file query_3.cif (mmCIF, C-alpha atoms (C1' of nucleotides))
data_target
loop_
_atom_site.label_atom_id
_atom_site.label_comp_id
_atom_site.auth_asym_id
_atom_site.auth_seq_id
_atom_site.Cartn_x
_atom_site.Cartn_y
_atom_site.Cartn_z
CA MET A 253 -68.52 33.58 7.49
CA HIS A 254 -70.18 32.29 10.63
CA GLN A 255 -72.48 34.88 12.12
CA GLN A 256 -75.18 33.64 14.40
CA ALA A 257 -78.50 34.92 15.63
CA ILE A 258 -77.99 37.04 18.71
CA GLY A 259 -80.38 36.42 21.54
CA ALA A 260 -80.27 37.48 25.18
CA THR A 261 -76.52 36.90 25.43
CA PRO A 262 -73.92 39.48 24.40
CA PRO A 263 -73.08 39.78 20.70
CA LEU A 264 -70.54 37.05 20.11
CA VAL A 265 -68.75 38.69 17.26
CA ALA A 266 -68.21 41.85 19.28
CA MET A 267 -66.56 39.87 22.05
CA ASP A 268 -64.24 38.21 19.57
CA GLY A 269 -62.88 41.59 18.62
CA ILE A 270 -62.64 42.86 22.15
CA PHE A 271 -60.77 39.87 23.48
CA LYS A 272 -58.56 39.85 20.43
CA ALA A 273 -57.76 43.49 21.07
CA LEU A 274 -56.89 42.72 24.67
CA ALA A 275 -54.59 39.87 23.64
CA ASP A 276 -51.66 42.17 22.97
CA PRO A 277 -49.52 43.90 25.62
CA THR A 278 -49.05 47.08 23.60
CA ARG A 279 -52.78 47.48 23.15
CA ARG A 280 -53.52 46.75 26.79
CA ASP A 281 -50.92 49.32 27.73
CA VAL A 282 -52.45 51.90 25.43
CA LEU A 283 -55.83 51.32 27.03
CA GLU A 284 -54.31 51.66 30.46
CA ARG A 285 -52.75 54.95 29.51
CA LEU A 286 -55.91 56.23 27.89
CA SER A 287 -57.77 55.48 31.08
CA ARG A 288 -55.60 58.14 32.67
CA LYS A 289 -55.64 60.69 29.89
CA SER A 290 -56.76 61.06 26.30
CA ALA A 291 -53.79 61.45 23.98
CA SER A 292 -52.66 62.03 20.44
CA VAL A 293 -51.29 59.31 18.16
CA SER A 294 -47.69 60.35 18.62
CA GLU A 295 -47.99 60.70 22.37
CA LEU A 296 -49.41 57.22 22.48
CA ALA A 297 -46.79 55.83 20.11
CA GLU A 298 -43.79 57.37 21.82
CA PRO A 299 -42.96 54.68 24.44
CA TYR A 300 -42.80 51.82 21.98
CA ARG A 301 -39.96 50.94 19.66
CA MET A 302 -42.17 50.50 16.68
CA ALA A 303 -42.63 52.27 13.36
CA MET A 304 -45.60 54.60 13.30
CA PRO A 305 -47.62 52.62 10.74
CA SER A 306 -47.21 49.48 12.82
CA PHE A 307 -48.45 51.27 15.86
CA LEU A 308 -51.35 52.75 13.96
CA GLN A 309 -52.58 49.25 13.20
CA HIS A 310 -52.93 48.63 16.92
CA LEU A 311 -54.93 51.80 17.34
CA LYS A 312 -57.17 50.79 14.46
CA MET A 313 -57.89 47.45 16.06
CA LEU A 314 -58.81 49.17 19.31
CA GLU A 315 -61.05 51.54 17.42
CA ASN A 316 -62.68 48.88 15.24
CA CYS A 317 -63.92 46.93 18.22
CA GLY A 318 -65.15 50.13 19.81
CA LEU A 319 -62.85 50.23 22.82
CA VAL A 320 -61.61 53.66 21.83
CA ARG A 321 -62.74 56.46 19.61
CA SER A 322 -60.80 59.23 17.87
CA SER A 323 -61.24 62.61 16.30
CA LYS A 324 -58.96 64.85 14.35
CA ALA A 325 -58.29 68.51 15.03
CA GLY A 326 -55.93 70.11 12.57
CA ARG A 327 -53.22 67.58 11.99
CA VAL A 328 -53.55 65.94 15.38
CA ARG A 329 -55.75 62.92 15.98
CA THR A 330 -56.77 62.41 19.57
CA TYR A 331 -57.84 59.10 21.06
CA GLU A 332 -60.15 58.57 23.99
CA LEU A 333 -61.85 55.66 25.73
CA THR A 334 -65.32 54.27 25.25
CA ALA A 335 -67.11 52.61 28.14
CA GLU A 336 -69.46 49.81 27.11
CA PRO A 337 -67.30 47.29 25.27
CA LEU A 338 -64.98 46.57 28.17
CA LYS A 339 -67.98 45.96 30.34
CA LEU A 340 -69.16 43.34 27.87
CA ALA A 341 -65.95 41.42 28.28
CA GLU A 342 -65.90 41.79 32.01
CA ASP A 343 -69.47 40.60 32.36
CA TRP A 344 -68.70 37.47 30.41
CA LEU A 345 -65.66 36.77 32.54
CA GLY A 346 -67.53 37.40 35.76
CA ARG A 347 -70.40 35.15 34.81
CA GLN A 348 -67.90 32.59 33.73
CA ARG A 349 -65.86 32.71 36.88
CA ARG A 350 -68.90 32.21 39.04
CA LEU A 351 -69.82 29.03 37.17
CA TRP A 352 -66.18 28.06 37.36
CA GLU A 353 -65.91 28.37 41.08
CA ARG A 354 -69.14 26.56 41.61
CA ARG A 355 -67.79 23.78 39.44
CA LEU A 356 -64.55 23.57 41.41
CA ASP A 357 -66.50 23.50 44.66
CA GLN A 358 -68.51 20.60 43.32
CA LEU A 359 -65.25 18.80 42.66
CA ASP A 360 -64.20 19.43 46.24
CA ASP A 361 -67.47 18.03 47.49
CA TYR A 362 -67.06 15.03 45.25
CA LEU A 363 -63.59 14.32 46.55
CA LEU A 364 -64.78 14.70 50.14
CA THR A 365 -67.67 12.35 49.47
CA MET A 366 -65.30 9.77 48.08
CA LYS A 367 -63.05 10.10 51.09
CA ASP A 368 -66.05 9.50 53.36
CA GLY A 369 -66.81 6.35 51.42
CA GLY A 370 -70.04 7.70 49.97
CA ASP A 371 -71.18 6.58 46.53
CA PRO A 372 -70.89 9.55 44.11
CA PRO A 373 -73.49 10.11 41.31
CA MET B 587 -39.26 28.86 27.97
CA HIS B 588 -40.06 32.45 28.84
CA GLN B 589 -41.49 32.81 32.28
CA GLN B 590 -40.93 36.16 33.89
CA ALA B 591 -40.42 37.37 37.42
CA ILE B 592 -43.85 38.03 38.85
CA GLY B 593 -44.07 41.39 40.51
CA ALA B 594 -47.16 43.30 41.59
CA THR B 595 -48.65 43.13 38.10
CA PRO B 596 -49.83 39.97 36.36
CA PRO B 597 -47.46 38.18 33.99
CA LEU B 598 -47.98 39.88 30.64
CA VAL B 599 -47.25 36.89 28.45
CA ALA B 600 -49.77 34.75 30.29
CA MET B 601 -52.51 37.29 29.70
CA ASP B 602 -51.74 37.37 26.00
CA GLY B 603 -52.51 33.70 25.76
CA ILE B 604 -55.59 33.87 27.92
CA PHE B 605 -57.21 36.73 26.05
CA LYS B 606 -56.25 35.15 22.75
CA ALA B 607 -57.93 31.95 23.88
CA LEU B 608 -61.06 33.87 24.82
CA ALA B 609 -61.17 35.59 21.44
CA ASP B 610 -62.93 32.70 19.76
CA PRO B 611 -66.59 31.73 20.19
CA THR B 612 -65.94 28.01 19.99
CA ARG B 613 -63.35 28.18 22.73
CA ARG B 614 -65.52 30.38 24.93
CA ASP B 615 -68.33 27.91 24.44
CA VAL B 616 -66.12 24.98 25.38
CA LEU B 617 -65.12 26.79 28.56
CA GLU B 618 -68.72 27.49 29.35
CA ARG B 619 -69.62 23.84 28.92
CA LEU B 620 -66.64 22.68 30.94
CA SER B 621 -67.76 24.93 33.77
CA ARG B 622 -70.82 22.72 33.99
CA LYS B 623 -69.16 19.35 33.54
CA SER B 624 -65.80 17.87 32.63
CA ALA B 625 -65.94 16.05 29.32
CA SER B 626 -64.06 13.97 26.82
CA VAL B 627 -62.68 15.28 23.54
CA SER B 628 -65.46 13.81 21.43
CA GLU B 629 -68.19 14.97 23.78
CA LEU B 630 -66.74 18.45 23.57
CA ALA B 631 -66.32 18.30 19.81
CA GLU B 632 -69.78 16.99 19.02
CA PRO B 633 -71.79 20.26 18.74
CA TYR B 634 -69.47 21.89 16.23
CA ARG B 635 -69.33 21.26 12.50
CA MET B 636 -65.62 20.94 12.44
CA ALA B 637 -63.15 18.15 11.72
CA MET B 638 -61.67 16.60 14.83
CA PRO B 639 -58.11 17.83 14.24
CA SER B 640 -59.36 21.39 13.84
CA PHE B 641 -61.22 21.16 17.08
CA LEU B 642 -58.22 19.63 18.84
CA GLN B 643 -56.26 22.75 18.02
CA HIS B 644 -58.74 24.79 20.01
CA LEU B 645 -58.41 22.46 22.97
CA LYS B 646 -54.64 22.72 22.77
CA MET B 647 -54.80 26.49 22.87
CA LEU B 648 -56.99 26.35 25.93
CA GLU B 649 -54.60 23.92 27.56
CA ASN B 650 -51.45 25.81 26.62
CA CYS B 651 -52.57 28.94 28.37
CA GLY B 652 -53.63 26.92 31.40
CA LEU B 653 -57.36 27.53 31.26
CA VAL B 654 -58.02 23.80 31.11
CA ARG B 655 -56.14 20.65 31.90
CA SER B 656 -56.54 17.11 30.56
CA SER B 657 -55.68 13.54 31.37
CA LYS B 658 -56.03 10.34 29.47
CA ALA B 659 -57.62 7.15 30.74
CA GLY B 660 -57.51 4.31 28.26
CA ARG B 661 -58.29 5.85 24.91
CA VAL B 662 -60.37 8.69 26.32
CA ARG B 663 -58.92 12.07 27.16
CA THR B 664 -60.92 14.09 29.63
CA TYR B 665 -60.77 17.85 29.95
CA GLU B 666 -61.46 19.90 33.04
CA LEU B 667 -61.21 23.52 34.11
CA THR B 668 -58.43 25.28 35.95
CA ALA B 669 -59.24 28.21 38.18
CA GLU B 670 -56.46 30.79 38.37
CA PRO B 671 -55.92 31.95 34.79
CA LEU B 672 -59.42 33.26 34.27
CA LYS B 673 -59.11 35.22 37.47
CA LEU B 674 -56.00 36.86 36.07
CA ALA B 675 -57.94 38.13 33.09
CA GLU B 676 -60.88 39.21 35.17
CA ASP B 677 -58.69 41.11 37.61
CA TRP B 678 -57.10 43.03 34.81
CA LEU B 679 -60.47 43.91 33.33
CA GLY B 680 -61.86 44.93 36.70
CA ARG B 681 -58.92 47.14 37.51
CA GLN B 682 -59.17 48.57 34.06
CA ARG B 683 -62.86 49.29 34.21
CA ARG B 684 -62.50 51.14 37.47
CA LEU B 685 -59.89 53.47 35.97
CA TRP B 686 -62.09 53.73 32.93
CA GLU B 687 -65.16 54.82 34.79
CA ARG B 688 -63.18 57.25 36.87
CA ARG B 689 -61.85 58.70 33.64
CA LEU B 690 -65.29 59.04 32.14
CA ASP B 691 -66.52 60.73 35.29
CA GLN B 692 -63.68 63.19 35.03
CA LEU B 693 -64.83 63.98 31.55
CA ASP B 694 -68.32 64.62 32.86
CA ASP B 695 -66.93 66.95 35.51
CA TYR B 696 -64.88 68.71 32.92
CA LEU B 697 -67.87 69.30 30.71
CA LEU B 698 -69.90 70.55 33.65
CA THR B 699 -67.09 72.91 34.64
CA MET B 700 -66.98 74.32 31.16
CA LYS B 701 -70.72 74.81 31.17
CA ASP B 702 -70.40 76.74 34.44
CA GLY B 703 -67.78 78.93 32.85
CA GLY B 704 -65.00 77.65 35.09
CA ASP B 705 -61.41 77.45 33.78
CA PRO B 706 -60.43 73.78 33.42
CA PRO B 707 -56.85 72.61 34.23
"C1'" DA C 52 -43.12 79.97 0.30
"C1'" DA C 53 -40.32 76.50 2.44
"C1'" DT C 54 -39.75 73.38 5.99
"C1'" DA C 55 -41.14 70.76 9.69
"C1'" DT C 56 -44.74 68.10 11.95
"C1'" DA C 57 -48.32 64.62 12.37
"C1'" DC C 58 -50.33 61.40 10.44
"C1'" DT C 59 -51.76 58.14 6.22
"C1'" DG C 60 -51.35 54.83 2.55
"C1'" DA C 61 -49.31 51.26 -0.26
"C1'" DG C 62 -47.11 47.29 -0.25
"C1'" DG C 63 -44.03 43.41 1.45
"C1'" DT C 64 -42.40 39.58 4.79
"C1'" DA C 65 -42.72 36.08 8.50
"C1'" DA C 66 -45.35 33.75 11.60
"C1'" DA C 67 -49.68 32.38 13.59
"C1'" DT C 68 -54.72 30.93 13.05
"C1'" DA C 69 -58.39 28.32 11.48
"C1'" DC C 70 -59.73 25.37 8.84
"C1'" DC C 71 -59.16 20.87 5.91
"C1'" DT C 72 -57.96 15.68 4.37
"C1'" DA C 73 -55.65 11.50 4.86
"C1'" DA C 74 -53.28 8.28 7.38
"C1'" DG C 75 -51.63 6.85 11.61
"C1'" DT C 76 -51.67 4.62 16.92
"C1'" DA C 77 -53.71 2.89 21.02
"C1'" DT C 78 -57.70 0.66 23.39
"C1'" DT C 79 -61.76 -1.82 23.78
"C1'" DG C 80 -65.60 -5.02 22.55
"C1'" DG C 81 -67.23 -8.99 20.10
"C1'" DC D 161 -57.83 -11.73 16.48
"C1'" DC D 162 -60.50 -8.15 14.10
"C1'" DA D 163 -63.00 -4.29 13.88
"C1'" DA D 164 -64.74 -0.22 15.79
"C1'" DT D 165 -63.66 3.74 18.71
"C1'" DA D 166 -61.06 7.70 20.32
"C1'" DC D 167 -57.76 10.28 19.54
"C1'" DT D 168 -53.12 11.80 17.12
"C1'" DT D 169 -49.90 13.17 13.57
"C1'" DA D 170 -48.55 15.03 9.30
"C1'" DG D 171 -49.12 18.13 6.00
"C1'" DG D 172 -51.67 21.68 3.07
"C1'" DT D 173 -54.36 26.19 2.11
"C1'" DA D 174 -56.33 30.80 2.99
"C1'" DT D 175 -56.53 34.57 6.04
"C1'" DT D 176 -54.99 37.53 9.61
"C1'" DT D 177 -51.47 39.63 12.50
"C1'" DA D 178 -47.44 42.14 13.47
"C1'" DC D 179 -44.04 44.03 12.02
"C1'" DC D 180 -41.27 46.80 8.32
"C1'" DT D 181 -39.90 50.61 4.61
"C1'" DC D 182 -40.85 54.15 1.63
"C1'" DA D 183 -43.62 57.21 -0.07
"C1'" DG D 184 -47.50 60.50 0.30
"C1'" DT D 185 -51.02 64.44 2.26
"C1'" DA D 186 -52.53 67.88 5.17
"C1'" DT D 187 -51.61 71.31 8.64
"C1'" DA D 188 -48.59 74.33 11.38
"C1'" DT D 189 -44.41 77.35 11.86
"C1'" DT D 190 -41.03 80.54 10.39
#
call {"tool": "encode", "arguments": {"input": "query_3.cif", "output": "C-alpha cells"}}
result
Amino acid sequence: MHQQAIGATPPLVAMDGIFKALADPTRRDVLERLSRKSASVSELAEPYRMAMPSFLQHLKMLENCGLVRSSKAGRVRTYELTAEPLKLAEDWLGRQRRLWERRLDQLDDYLLTMKDGGDPP
Amino acid sequence: MHQQAIGATPPLVAMDGIFKALADPTRRDVLERLSRKSASVSELAEPYRMAMPSFLQHLKMLENCGLVRSSKAGRVRTYELTAEPLKLAEDWLGRQRRLWERRLDQLDDYLLTMKDGGDPP
DNA sequence: AATATACTGAGGTAAATACCTAAGTATTGG
DNA sequence: CCAATACTTAGGTATTTACCTCAGTATATT
C-alpha cells in the first residue's frame, strides 16, 4: 500500500523483507547452516522443537525475500543459498555505520570544543 | 527481563530487535537522518504522513532495541544515535556473507569438477 | 499393493505491528 | 493567566507473525 519510486538506492521493499527475515533466530540459524551445506526440509527442521508446518513458514519467508531458493527432486525439497540479497542488507548497514561513526566523532569534537571554551555552531 | 550470558556470539535476542527495527522504511529513514543530525520528535515526524502517536511507536521501537537514545529538555524530546547495536547487526551480516561466498565458491568448484569428470565428495 | 516417508494444505489461536482518533499533561510565550 | 506547542496516554481496528493440529498428496520401500 505504500510503494515508492526506486532510484539509485536499493529497493526499499526488498530490504523490508530481508531484514524481517533476519529478525528471527530460527531463520538466522537456518541461513547459517545453509551457508555450510545445502539441505532438505527435514534436515533443516530437525534441530528445532517445532511442528513441520510452522517451520515451513520460516522457510517460505526466507524464500520469498530471495535469501534462499529450493527445488524438489522426488519427494525431497532441497534448499540452498542465494547471494545478492544479503549483500543488499550489508551494504545498507555498512553505509549507515560509516555515517554513524562520523556523526559520533562530530559529537566528540563538539564536546572537546566546549571543554576548550570554544563557541560551537 | 531476559538478558543472557554473552559468550563469543552476539546476544540473539538483541539482534531480533535490531533487525526487526531495520525492517521498516520509516525507521531506516529516521536512522539515516539521525546519523546526520540529532533531532526532536516533531522534526523527525514531519516528513511522514502519519499521526504523531503512530510515529512515536516507531521511535519507541528504535529506542527499545538501543539503536537510539532520547532525553527531554523542557517540552522537547531529542533523539540521538547509539553506536554499538548497529555494529552487532553488521558483524553478523559480514560473518554470514563470508561463509556465504565461500559456500557459493564451493558450488562453483563442484560444478567445475563435474565438468572435468572428477568424482565429487 | 501396502506402508512409510517427506512434504503440503487448511484452518485456528494468541500476540505483535502499524496504523488511527480523541483526550490528556507539561512547558512556553504573549 | 491563557493559549499554543510538544509530546503522551488510552483505546480501537486490520493485518501479519508464529505457533499449533489434523488432514491430505506424492514418492519411495518392501
call {"tool": "residues_around", "arguments": {"input": "query_3.cif", "residues": "DT72 of chain C", "least_positions_apart": "2", "cutoff": "12 Å", "atoms": "only C-alpha atoms (C1' of nucleotides)", "output": "PDB file with C-alpha atoms (C1' of nucleotides), in the frame of the given file"}}
result
ATOM      1  CA  ALA B 637     -63.150  18.150  11.720  1.00  0.00           C
ATOM      2  CA  MET B 638     -61.670  16.600  14.830  1.00  0.00           C
ATOM      3  CA  PRO B 639     -58.110  17.830  14.240  1.00  0.00           C
ATOM      4  CA  SER B 640     -59.360  21.390  13.840  1.00  0.00           C
TER       5      SER B 640
ATOM      6  C1'  DC C  70     -59.730  25.370   8.840  1.00  0.00           C
ATOM      7  C1'  DA C  74     -53.280   8.280   7.380  1.00  0.00           C
TER       8       DA C  74
ATOM      9  C1'  DA D 170     -48.550  15.030   9.300  1.00  0.00           C
ATOM     10  C1'  DG D 171     -49.120  18.130   6.000  1.00  0.00           C
ATOM     11  C1'  DG D 172     -51.670  21.680   3.070  1.00  0.00           C
ATOM     12  C1'  DT D 173     -54.360  26.190   2.110  1.00  0.00           C
TER      13       DT D 173
END
call {"tool": "resolve_selection", "arguments": {"input": "query_3.cif", "expression": "the PyMOL selection byres ((chain A) within 10 of (chain B))", "output": "VMD selection string"}}
result
chain A and resid 264 to 277 280 283 to 290 332 to 336 338 to 339 341 to 356 358 to 359
call {"tool": "interface_residues", "arguments": {"input": "query_3.cif", "of": "chain C", "to": "chain A", "cutoff": "12 Å", "atoms": "only C-alpha atoms (C1' of nucleotides)", "output": "MDAnalysis selection string"}}
result
chainID C and resid 56:61
call {"tool": "residues_around", "arguments": {"input": "query_3.cif", "residues": "DT175 of chain D", "least_positions_apart": "4", "cutoff": "12 Å", "atoms": "all atoms listed in the file", "output": "PyMOL selection string"}}
result
chain C and resi 67-70
call {"tool": "interface_residues", "arguments": {"input": "query_3.cif", "of": "chain D", "to": "chain A", "cutoff": "9 Å", "atoms": "only C-alpha atoms (C1' of nucleotides)", "output": "VMD selection string"}}
result
chain D and resid 178 to 180 186 to 188
call {"tool": "axis_aligned_box", "arguments": {"input": "query_3.cif", "around": "segment 63-79 of chain C", "padding_each_side": "3 Å", "output": "AutoDock Vina command-line options"}}
result
--center_x -52.1 --center_y 20.8 --center_z 12.6 --size_x 25.4 --size_y 51.2 --size_z 28.3
call {"tool": "resolve_selection", "arguments": {"input": "query_3.cif", "expression": "the PyMOL selection byres ((chain B and resi 654) around 7)", "output": "list in words"}}
result
Leu648, Glu649, Gly652, Leu653, Arg655, Ser656, Tyr665, Glu666, Leu667 and Thr668 of chain B
call {"tool": "atom_distance", "arguments": {"input": "query_3.cif", "atom1": "atom C1' of DC167 of chain D", "atom2": "atom CA of Pro671 of chain B"}}
result
26.6 Å
call {"tool": "residues_near_point", "arguments": {"input": "query_3.cif", "point": "(-38.0, 71.1, 9.0)", "cutoff": "12 Å", "atoms": "all atoms listed in the file", "output": "list in words"}}
result
DA53, DT54, DA55 and DT56 of chain C; DA188, DT189 and DT190 of chain D
call {"tool": "resolve_selection", "arguments": {"input": "query_3.cif", "expression": "the PyMOL selection byres ((chain C and resi 79) around 12)", "output": "ChimeraX atom specification"}}
result
/B:660-662 /C:77-78,80-81 /D:162-166
call {"tool": "closest_residue", "arguments": {"input": "query_3.cif", "among": "B:Pro597, B:Val616, B:Lys658, B:Leu674", "to": "Glu629 of chain B", "atoms": "all atoms listed in the file"}}
result
B:Val616
call {"tool": "decode", "arguments": {"input": "query_3.cif", "residues": "segment 53-81 of chain C", "atoms": "N, CA and C atoms (P, O5', C5', C4', C3', O3' and C1' of nucleotides)", "output": "short mmCIF file (atom, residue, chain, number, x, y, z; two decimals), in the first residue's frame"}}
result
data_model
loop_
_atom_site.label_atom_id
_atom_site.label_comp_id
_atom_site.auth_asym_id
_atom_site.auth_seq_id
_atom_site.Cartn_x
_atom_site.Cartn_y
_atom_site.Cartn_z
P DA C 53 -3.64 -53.27 -0.82
"O5'" DA C 53 -2.36 -52.99 0.08
"C5'" DA C 53 -1.69 -54.09 0.71
"C4'" DA C 53 -0.72 -53.55 1.74
"C3'" DA C 53 -1.30 -52.48 2.66
"O3'" DA C 53 -0.77 -52.70 3.96
"C1'" DA C 53 0.52 -51.58 1.45
P DT C 54 -1.18 -51.71 5.21
"O5'" DT C 54 0.19 -50.92 5.39
"C5'" DT C 54 1.41 -51.70 5.50
"C4'" DT C 54 2.59 -50.77 5.52
"C3'" DT C 54 2.46 -49.58 6.47
"O3'" DT C 54 3.66 -49.51 7.23
"C1'" DT C 54 3.12 -48.84 4.34
P DA C 55 3.79 -48.55 8.52
"O5'" DA C 55 4.97 -47.62 8.02
"C5'" DA C 55 6.19 -48.24 7.57
"C4'" DA C 55 6.97 -47.22 6.78
"C3'" DA C 55 7.20 -45.91 7.52
"O3'" DA C 55 8.58 -45.58 7.36
"C1'" DA C 55 6.30 -45.48 5.39
P DT C 56 9.24 -44.44 8.20
"O5'" DT C 56 9.38 -43.34 7.06
"C5'" DT C 56 10.16 -43.66 5.92
"C4'" DT C 56 10.11 -42.52 4.93
"C3'" DT C 56 10.41 -41.15 5.54
"O3'" DT C 56 11.42 -40.59 4.74
"C1'" DT C 56 8.43 -41.08 4.25
P DA C 57 12.14 -39.24 5.08
"O5'" DA C 57 11.26 -38.23 4.23
"C5'" DA C 57 11.49 -38.09 2.84
"C4'" DA C 57 10.70 -36.90 2.34
"C3'" DA C 57 10.84 -35.65 3.23
"O3'" DA C 57 10.91 -34.49 2.40
"C1'" DA C 57 8.61 -36.22 3.05
P DC C 58 11.75 -33.18 2.96
"O5'" DC C 58 10.78 -31.99 2.80
"C5'" DC C 58 9.51 -31.88 3.16
"C4'" DC C 58 8.52 -32.06 2.03
"C3'" DC C 58 7.67 -30.84 1.82
"O3'" DC C 58 7.38 -30.64 0.46
"C1'" DC C 58 6.33 -32.68 2.45
P DT C 59 7.06 -29.10 -0.05
"O5'" DT C 59 5.47 -29.09 -0.26
"C5'" DT C 59 4.67 -30.08 0.24
"C4'" DT C 59 3.21 -29.79 -0.07
"C3'" DT C 59 2.78 -28.33 0.09
"O3'" DT C 59 1.75 -28.09 -0.85
"C1'" DT C 59 1.76 -29.66 1.76
P DG C 60 1.06 -26.63 -0.99
"O5'" DG C 60 -0.33 -26.77 -0.20
"C5'" DG C 60 -1.12 -27.92 -0.36
"C4'" DG C 60 -2.40 -27.78 0.46
"C3'" DG C 60 -2.81 -26.33 0.70
"O3'" DG C 60 -4.18 -26.20 0.33
"C1'" DG C 60 -2.59 -27.50 2.78
P DA C 61 -5.09 -25.02 0.67
"O5'" DA C 61 -5.71 -25.45 2.06
"C5'" DA C 61 -6.44 -26.69 2.19
"C4'" DA C 61 -7.27 -26.65 3.46
"C3'" DA C 61 -7.88 -25.29 3.76
"O3'" DA C 61 -9.16 -25.49 4.35
"C1'" DA C 61 -6.43 -25.88 5.51
P DG C 62 -10.16 -24.29 4.61
"O5'" DG C 62 -9.88 -24.02 6.15
"C5'" DG C 62 -10.18 -25.01 7.13
"C4'" DG C 62 -9.61 -24.55 8.44
"C3'" DG C 62 -9.93 -23.10 8.75
"O3'" DG C 62 -10.91 -23.04 9.79
"C1'" DG C 62 -7.68 -23.68 9.28
P DG C 63 -10.89 -22.26 11.11
"O5'" DG C 63 -9.82 -23.15 11.88
"C5'" DG C 63 -10.17 -23.77 13.14
"C4'" DG C 63 -9.32 -23.18 14.26
"C3'" DG C 63 -9.69 -21.75 14.68
"O3'" DG C 63 -9.70 -21.65 16.11
"C1'" DG C 63 -7.42 -21.84 14.17
P DT C 64 -10.07 -20.31 16.83
"O5'" DT C 64 -8.73 -20.04 17.64
"C5'" DT C 64 -8.17 -21.07 18.46
"C4'" DT C 64 -6.93 -20.53 19.14
"C3'" DT C 64 -7.14 -19.17 19.79
"O3'" DT C 64 -6.57 -19.19 21.10
"C1'" DT C 64 -5.35 -19.07 18.24
P DA C 65 -6.61 -17.93 22.04
"O5'" DA C 65 -5.15 -17.31 21.89
"C5'" DA C 65 -4.02 -18.11 22.23
"C4'" DA C 65 -2.79 -17.23 22.22
"C3'" DA C 65 -3.02 -15.88 22.91
"O3'" DA C 65 -1.83 -15.54 23.63
"C1'" DA C 65 -2.54 -15.53 20.62
P DA C 66 -1.74 -14.16 24.42
"O5'" DA C 66 -0.69 -13.36 23.53
"C5'" DA C 66 0.47 -14.04 23.06
"C4'" DA C 66 1.17 -13.16 22.06
"C3'" DA C 66 1.30 -11.71 22.50
"O3'" DA C 66 2.65 -11.35 22.32
"C1'" DA C 66 0.33 -11.83 20.34
P DA C 67 3.16 -9.84 22.61
"O5'" DA C 67 3.38 -9.32 21.11
"C5'" DA C 67 4.19 -10.10 20.25
"C4'" DA C 67 4.29 -9.41 18.91
"C3'" DA C 67 4.66 -7.93 18.99
"O3'" DA C 67 5.53 -7.67 17.90
"C1'" DA C 67 2.61 -8.18 17.89
P DT C 68 6.29 -6.24 17.77
"O5'" DT C 68 5.52 -5.50 16.60
"C5'" DT C 68 4.79 -6.27 15.71
"C4'" DT C 68 4.55 -5.60 14.39
"C3'" DT C 68 4.92 -4.14 14.22
"O3'" DT C 68 5.23 -3.95 12.84
"C1'" DT C 68 2.56 -4.37 14.24
P DA C 69 5.68 -2.57 12.21
"O5'" DA C 69 4.33 -1.84 11.83
"C5'" DA C 69 3.61 -2.27 10.68
"C4'" DA C 69 2.45 -1.33 10.46
"C3'" DA C 69 2.81 0.16 10.66
"O3'" DA C 69 2.16 0.92 9.64
"C1'" DA C 69 1.03 -0.42 12.03
P DC C 70 2.83 2.34 9.22
"O5'" DC C 70 1.55 3.27 9.07
"C5'" DC C 70 0.97 3.85 10.22
"C4'" DC C 70 -0.50 3.54 10.23
"C3'" DC C 70 -1.34 4.61 10.93
"O3'" DC C 70 -1.61 5.69 10.06
"C1'" DC C 70 -1.97 2.47 11.68
P DC C 71 -1.80 7.14 10.65
"O5'" DC C 71 -3.25 7.06 11.32
"C5'" DC C 71 -4.36 6.69 10.53
"C4'" DC C 71 -5.55 6.46 11.44
"C3'" DC C 71 -5.87 7.66 12.33
"O3'" DC C 71 -6.74 8.53 11.66
"C1'" DC C 71 -5.91 5.63 13.60
P DT C 72 -6.89 10.04 12.20
"O5'" DT C 72 -7.94 9.95 13.40
"C5'" DT C 72 -9.12 9.16 13.28
"C4'" DT C 72 -9.82 9.15 14.63
"C3'" DT C 72 -10.01 10.54 15.22
"O3'" DT C 72 -11.30 10.60 15.80
"C1'" DT C 72 -8.77 9.20 16.73
P DA C 73 -11.87 12.05 16.24
"O5'" DA C 73 -11.74 11.97 17.83
"C5'" DA C 73 -11.98 10.73 18.47
"C4'" DA C 73 -11.65 10.88 19.93
"C3'" DA C 73 -11.80 12.31 20.43
"O3'" DA C 73 -12.31 12.26 21.76
"C1'" DA C 73 -9.61 11.57 20.82
P DA C 74 -12.70 13.61 22.56
"O5'" DA C 74 -11.65 13.56 23.77
"C5'" DA C 74 -11.62 12.37 24.57
"C4'" DA C 74 -10.39 12.40 25.41
"C3'" DA C 74 -10.25 13.69 26.23
"O3'" DA C 74 -9.77 13.35 27.51
"C1'" DA C 74 -8.31 13.33 25.01
P DG C 75 -9.81 14.44 28.67
"O5'" DG C 75 -8.46 15.26 28.35
"C5'" DG C 75 -7.61 15.59 29.43
"C4'" DG C 75 -6.61 14.47 29.66
"C3'" DG C 75 -5.37 14.99 30.35
"O3'" DG C 75 -5.17 14.38 31.60
"C1'" DG C 75 -4.84 14.15 28.16
P DT C 76 -4.66 15.28 32.74
"O5'" DT C 76 -3.13 15.53 32.36
"C5'" DT C 76 -2.23 14.44 32.36
"C4'" DT C 76 -0.84 14.95 31.99
"C3'" DT C 76 -0.39 16.15 32.83
"O3'" DT C 76 0.96 15.94 33.17
"C1'" DT C 76 -0.24 16.67 30.55
P DA C 77 1.46 16.37 34.64
"O5'" DA C 77 2.79 17.18 34.32
"C5'" DA C 77 2.68 18.25 33.44
"C4'" DA C 77 3.89 18.23 32.53
"C3'" DA C 77 4.77 19.42 32.80
"O3'" DA C 77 6.08 19.13 32.41
"C1'" DA C 77 3.62 19.66 30.73
P DT C 78 7.31 19.97 33.01
"O5'" DT C 78 7.77 20.89 31.81
"C5'" DT C 78 6.79 21.65 31.19
"C4'" DT C 78 7.39 22.25 29.95
"C3'" DT C 78 8.07 23.57 30.23
"O3'" DT C 78 9.05 23.77 29.23
"C1'" DT C 78 6.03 23.91 29.07
P DT C 79 10.05 25.10 29.30
"O5'" DT C 79 9.28 26.14 28.37
"C5'" DT C 79 9.02 25.77 27.02
"C4'" DT C 79 8.27 26.87 26.31
"C3'" DT C 79 8.79 28.28 26.54
"O3'" DT C 79 8.88 28.89 25.26
"C1'" DT C 79 6.47 28.18 26.98
P DG C 80 9.49 30.30 25.01
"O5'" DG C 80 8.21 31.13 24.58
"C5'" DG C 80 7.44 30.74 23.44
"C4'" DG C 80 6.35 31.77 23.23
"C3'" DG C 80 6.83 33.21 23.35
"O3'" DG C 80 6.15 33.95 22.34
"C1'" DG C 80 5.17 32.76 25.01
P DG C 81 6.21 35.50 22.29
"O5'" DG C 81 4.76 35.85 22.82
"C5'" DG C 81 3.60 35.38 22.14
"C4'" DG C 81 2.35 36.05 22.70
"C3'" DG C 81 2.44 37.56 22.79
"O3'" DG C 81 1.13 38.10 22.58
"C1'" DG C 81 2.16 36.68 24.96
#
